Amino acid sequence: MIAPHLDRLALAALLAASCAAPSLPGRAMPGVRTGVAPEQNPFLHAMGRDLVDGQGRKVVLQGICFGNDVWSNPATPVVSHHGEADYRFIRGLGMNAVRFYLNDALFEDEAHPFAWKASGFEWLDRNLAWARATGIYLILNLHVPPGGFQSVGGGGALWRNPENQRRFVALWREIARRHRDEPALAGYDLLNEPVVEGRAEQWEDLARQAAAAIREEDPRHALFIERLNAVMRRGAAPDWTESRNGQMNFFLLEDTNVVYEFHFYKPLAFTHQGAAWVAGLKDVRTTYPGPFRDPWASAAQVADRSYLERELAPFIAFGREHDVPLYLGEFGVAREGFLGGRNGEGWVRDVVEVARGAGLNLTYHAFHEWAFGLYRNDAGRPPADLNQPLANVLASEYRGDR
């Protein structure tokens with residue numbers, strides 16, 4: 001998601017630069033142990049294109065993202081964001097997974113790196129206990145790493161400062177050490193929407209280091225690895241090329257227990273309509289299905305189910321080609337898309353049905369926030385203002401209600 005309080009730099013390049021570069025092979029990850037044999041793994045793990053539990057039964061993750069107000073850079077957990085009852089509520093909607101957003105500041109202070117804060121881990125343990133009690137899997141996602149939030153190009157310090165990279169790896173090592181025996185843990189989602197500075201390979205290099213550290217502590221839980229989001233270069237606009245390597249900016253790890261992740265918000269003119277923080281979309285209002293024109297695009301298009309199928313097809317093809325599980329970690333519609341008969345619920349329904357038809361795991365963004373939330377009030381207060389049409393469509397799709 002494009003964060004609501006940050007400006008999008010050179011947003012016009014986000015969808016315009018979509019031509020694929022010449023195909024390049026994915027680099028393997030030498031030195032990363034592949035973990036235990038799948039048939040000996042008691043936890044959720046990859047088996048070809050599927051996820052299976054310890055008894056070998058197929059599991060499709062379907063759920064929602066807990067944002068935990070991470071963009072406010074909280075030094076202590078925002079406990080008003082959700083509670084135990086909210087796990088029961090989403091379970092009642094047919095969900096079995098939560099993508100759980102983390103901010104590095106919850107676990108260490110800038111002035112005292114590598115000194116782990118008990119409050120952050122106690123809060124994480126409490127959530128894992130709630131998840132365990134309700135049959136929910138948590139996907140732990142480092143949404144704001146040392147060096148800053150990545151999605152809009154403001155987290156360059158992660159890539160410029162080797163100390164931040166050491167902190168990144170050390171935090172994942174510590175999380176894995178503490179939770180290696182946790183049955184409610186789906187896996188470690190290393191970094192949200194990476195935007196590197198200079199070299200596209202920077203994310204792959206850092207992922208390799210973090211994966212190796214995790215595997216030294218925990219050989220059994222899955223790694224969730226997101227595709228590269230964009231490349232920042234000094235003095236130039238961000239490069240949002242969708243497939244610079246012919247593989248939709250994914251790279252393959254030499255590990256048998258990896259889930260490959262991407263996010264989907266197309267078309268932005270629909271999913272982000274009315275967003276004051278996105279140049280050109282504040283006054284846009286679009287209905288689904290129907291015509292749209294992103295402000296930076298050269299021509300109008302029509303958004304409908306066939307459009308969604310075409311746009312999702314290259315991601316789905318990657319999973320099939322490499323026989324690996326895919327995870328649609330974020331998809332969603334801003335609040336304006338549910339007003340005035342604009343049919344945000346129709347877009348959500350079609351995305352879920354196309355994704356599930358292709359065997360994808362998926363989590364909706366987000367549970368509780370003003371802009372995209374199932375609960376649409378400020379995340380710093382207890383959940384309120386339920387988006388009932390969205391709740392209805394998620395329940396219908398996840399539970400199979402018809």
# chains A, B, ... in the order shown; residues from 1 in each chain; ligands from 1

$ select_by_dssp --residues "region 112-213 of chain A" --states "strand (DSSP E or B)" --output "number ranges by chain"
A: 112, 137-144, 185-189, 195-197

$ write_last_selection --atoms "C-alpha atoms" --output "mmCIF file, in the first residue's frame"
data_model
loop_
_atom_site.group_PDB
_atom_site.id
_atom_site.type_symbol
_atom_site.label_atom_id
_atom_site.label_comp_id
_atom_site.auth_asym_id
_atom_site.auth_seq_id
_atom_site.Cartn_x
_atom_site.Cartn_y
_atom_site.Cartn_z
ATOM 1 C CA HIS A 112 20.706 1.390 21.927
ATOM 2 C CA TYR A 137 -1.457 -18.242 11.653
ATOM 3 C CA LEU A 138 0.702 -15.120 12.078
ATOM 4 C CA ILE A 139 2.998 -14.024 9.262
ATOM 5 C CA LEU A 140 5.541 -11.732 10.942
ATOM 6 C CA ASN A 141 6.304 -8.865 8.569
ATOM 7 C CA LEU A 142 9.063 -6.300 9.185
ATOM 8 C CA HIS A 143 7.156 -3.359 7.751
ATOM 9 C CA VAL A 144 9.450 -0.603 9.032
ATOM 10 C CA LEU A 185 3.788 -18.914 13.340
ATOM 11 C CA ALA A 186 3.347 -19.206 9.575
ATOM 12 C CA GLY A 187 6.764 -17.743 8.894
ATOM 13 C CA TYR A 188 9.101 -14.777 8.617
ATOM 14 C CA ASP A 189 8.147 -12.077 6.080
ATOM 15 C CA VAL A 195 12.974 0.019 -2.493
ATOM 16 C CA VAL A 196 16.754 -0.210 -2.832
ATOM 17 C CA GLU A 197 19.262 2.517 -3.614
#

$ select_by_dssp --residues "region 69-174 of chain A" --states "alpha helix (DSSP H)" --output "JSON, numbers by chain"
{"A": [84, 85, 86, 87, 88, 89, 90, 91, 92, 118, 119, 120, 121, 122, 123, 124, 125, 126, 127, 128, 129, 130, 131, 132, 133, 134, 157, 158, 159, 160, 162, 163, 164, 165, 166, 167, 168, 169, 170, 171, 172, 173, 174]}

$ write_last_selection --atoms "N, CA and C atoms" --output "compact mmCIF listing (two decimals), in the first residue's frame"
# COMPACT_ATOMS: atom_id res chain seq x y z
N GLU A 84 -7.70 -9.53 21.83
CA GLU A 84 -8.01 -10.94 21.67
C GLU A 84 -9.34 -11.15 20.96
N ALA A 85 -10.33 -10.31 21.26
CA ALA A 85 -11.65 -10.47 20.64
C ALA A 85 -11.59 -10.29 19.13
N ASP A 86 -10.63 -9.50 18.65
CA ASP A 86 -10.54 -9.27 17.21
C ASP A 86 -10.03 -10.50 16.47
N TYR A 87 -9.23 -11.31 17.13
CA TYR A 87 -8.84 -12.59 16.52
C TYR A 87 -10.07 -13.49 16.37
N ARG A 88 -10.92 -13.51 17.38
CA ARG A 88 -12.13 -14.32 17.28
C ARG A 88 -13.05 -13.79 16.19
N PHE A 89 -13.12 -12.46 16.06
CA PHE A 89 -13.97 -11.85 15.03
C PHE A 89 -13.52 -12.25 13.63
N ILE A 90 -12.23 -12.13 13.34
CA ILE A 90 -11.79 -12.45 11.98
C ILE A 90 -11.87 -13.95 11.72
N ARG A 91 -11.69 -14.75 12.77
CA ARG A 91 -11.87 -16.19 12.59
C ARG A 91 -13.31 -16.48 12.18
N GLY A 92 -14.24 -15.74 12.76
CA GLY A 92 -15.65 -15.90 12.40
C GLY A 92 -15.94 -15.49 10.97
N ALA A 118 12.02 -5.73 26.10
CA ALA A 118 11.10 -6.77 26.54
C ALA A 118 9.67 -6.47 26.12
N SER A 119 9.29 -5.19 26.11
CA SER A 119 7.89 -4.84 25.83
C SER A 119 7.46 -5.31 24.44
N GLY A 120 8.34 -5.17 23.45
CA GLY A 120 7.98 -5.59 22.10
C GLY A 120 7.79 -7.09 21.99
N PHE A 121 8.70 -7.85 22.59
CA PHE A 121 8.58 -9.31 22.50
C PHE A 121 7.44 -9.84 23.35
N GLU A 122 7.15 -9.21 24.47
CA GLU A 122 6.00 -9.63 25.28
C GLU A 122 4.70 -9.42 24.51
N TRP A 123 4.61 -8.31 23.81
CA TRP A 123 3.41 -8.02 23.01
C TRP A 123 3.29 -9.02 21.86
N LEU A 124 4.39 -9.34 21.21
CA LEU A 124 4.37 -10.33 20.13
C LEU A 124 3.97 -11.70 20.66
N ASP A 125 4.50 -12.08 21.81
CA ASP A 125 4.13 -13.37 22.41
C ASP A 125 2.65 -13.41 22.76
N ARG A 126 2.12 -12.28 23.23
CA ARG A 126 0.70 -12.23 23.57
C ARG A 126 -0.15 -12.44 22.32
N ASN A 127 0.24 -11.84 21.22
CA ASN A 127 -0.51 -12.01 19.97
C ASN A 127 -0.39 -13.43 19.44
N LEU A 128 0.75 -14.04 19.56
CA LEU A 128 0.90 -15.42 19.14
C LEU A 128 0.02 -16.35 19.97
N ALA A 129 -0.11 -16.04 21.25
CA ALA A 129 -0.99 -16.84 22.10
C ALA A 129 -2.45 -16.68 21.68
N TRP A 130 -2.88 -15.46 21.36
CA TRP A 130 -4.24 -15.24 20.88
C TRP A 130 -4.47 -15.96 19.55
N ALA A 131 -3.47 -15.88 18.67
CA ALA A 131 -3.58 -16.56 17.38
C ALA A 131 -3.69 -18.06 17.57
N ARG A 132 -2.87 -18.61 18.43
CA ARG A 132 -2.86 -20.04 18.70
C ARG A 132 -4.22 -20.50 19.21
N ALA A 133 -4.82 -19.71 20.08
CA ALA A 133 -6.10 -20.07 20.69
C ALA A 133 -7.26 -20.02 19.71
N THR A 134 -7.10 -19.28 18.63
CA THR A 134 -8.21 -19.10 17.69
C THR A 134 -7.96 -19.76 16.34
N ALA A 157 18.26 4.72 4.12
CA ALA A 157 19.31 4.50 5.10
C ALA A 157 19.56 3.02 5.37
N LEU A 158 18.57 2.17 5.08
CA LEU A 158 18.80 0.74 5.23
C LEU A 158 19.90 0.27 4.28
N TRP A 159 19.93 0.85 3.09
CA TRP A 159 20.86 0.40 2.06
C TRP A 159 22.18 1.15 2.11
N ARG A 160 22.16 2.38 2.62
CA ARG A 160 23.39 3.18 2.68
C ARG A 160 24.24 2.86 3.90
N PRO A 162 25.65 0.23 6.53
CA PRO A 162 25.84 -1.19 6.86
C PRO A 162 25.40 -1.54 8.29
N GLU A 163 25.44 -0.55 9.19
CA GLU A 163 25.00 -0.82 10.57
C GLU A 163 23.51 -1.15 10.59
N ASN A 164 22.71 -0.47 9.78
CA ASN A 164 21.29 -0.78 9.71
C ASN A 164 21.06 -2.18 9.16
N GLN A 165 21.87 -2.61 8.23
CA GLN A 165 21.73 -3.96 7.70
C GLN A 165 22.11 -5.01 8.75
N ARG A 166 23.13 -4.72 9.54
CA ARG A 166 23.48 -5.63 10.62
C ARG A 166 22.34 -5.72 11.64
N ARG A 167 21.70 -4.59 11.91
CA ARG A 167 20.57 -4.60 12.85
C ARG A 167 19.40 -5.39 12.27
N PHE A 168 19.16 -5.24 10.98
CA PHE A 168 18.10 -5.97 10.29
C PHE A 168 18.30 -7.48 10.46
N VAL A 169 19.50 -7.94 10.16
CA VAL A 169 19.80 -9.36 10.26
C VAL A 169 19.72 -9.84 11.71
N ALA A 170 20.26 -9.03 12.63
CA ALA A 170 20.28 -9.43 14.03
C ALA A 170 18.86 -9.53 14.60
N LEU A 171 17.97 -8.61 14.19
CA LEU A 171 16.59 -8.67 14.68
C LEU A 171 15.92 -9.95 14.21
N TRP A 172 16.09 -10.31 12.95
CA TRP A 172 15.47 -11.54 12.45
C TRP A 172 16.06 -12.76 13.14
N ARG A 173 17.35 -12.74 13.42
CA ARG A 173 17.94 -13.85 14.15
C ARG A 173 17.30 -13.98 15.53
N GLU A 174 17.08 -12.86 16.19
CA GLU A 174 16.51 -12.91 17.54
C GLU A 174 15.05 -13.36 17.51

$ closest_residue --among "A:Pro38, A:Gly198, A:Gly154, A:Pro145" --to "Gly235 (chain A)" --atoms "only C-alpha atoms"
A:Gly198

$ residues_around --residues "Trp370 (chain A)" --least-positions-apart "2" --cutoff "12 Å" --atoms "only C-alpha atoms" --output "ChimeraX atom specification"
/A:3-5,67,69,81,275,333-336,365-368,372-381,383-387

$ residues_around --residues "Ala317 (chain A)" --least-positions-apart "5" --cutoff "12 Å" --atoms "only C-alpha atoms" --output "PyMOL selection string"
chain A and resi 49+246-248+250+309-312+322-326+358-360

$ residues_around --residues "region 254-259 of chain A" --least-positions-apart "5" --cutoff "10 Å" --atoms "only C-alpha atoms" --output "count of residues only"
41

$ atom_distance --atom1 "CA of Phe318 (chain A)" --atom2 "CA of Gly94 (chain A)"
27.8 Å

$ residues_around --residues "region 70-80 of chain A" --least-positions-apart "6" --cutoff "6 Å" --atoms "only C-alpha atoms" --output "VMD selection string"
chain A and resid 103 105 to 106 381 to 382

$ write_last_selection --atoms "C-alpha atoms" --output "short mmCIF file (atom, residue, chain, number, x, y, z; two decimals), in the first residue's frame"
data_model
loop_
_atom_site.label_atom_id
_atom_site.label_comp_id
_atom_site.auth_asym_id
_atom_site.auth_seq_id
_atom_site.Cartn_x
_atom_site.Cartn_y
_atom_site.Cartn_z
CA ASN A 103 8.38 -1.74 13.35
CA ALA A 105 11.40 0.54 17.06
CA LEU A 106 9.26 -1.93 19.00
CA ARG A 381 -8.09 4.16 19.10
CA PRO A 382 -10.09 0.95 19.60
#
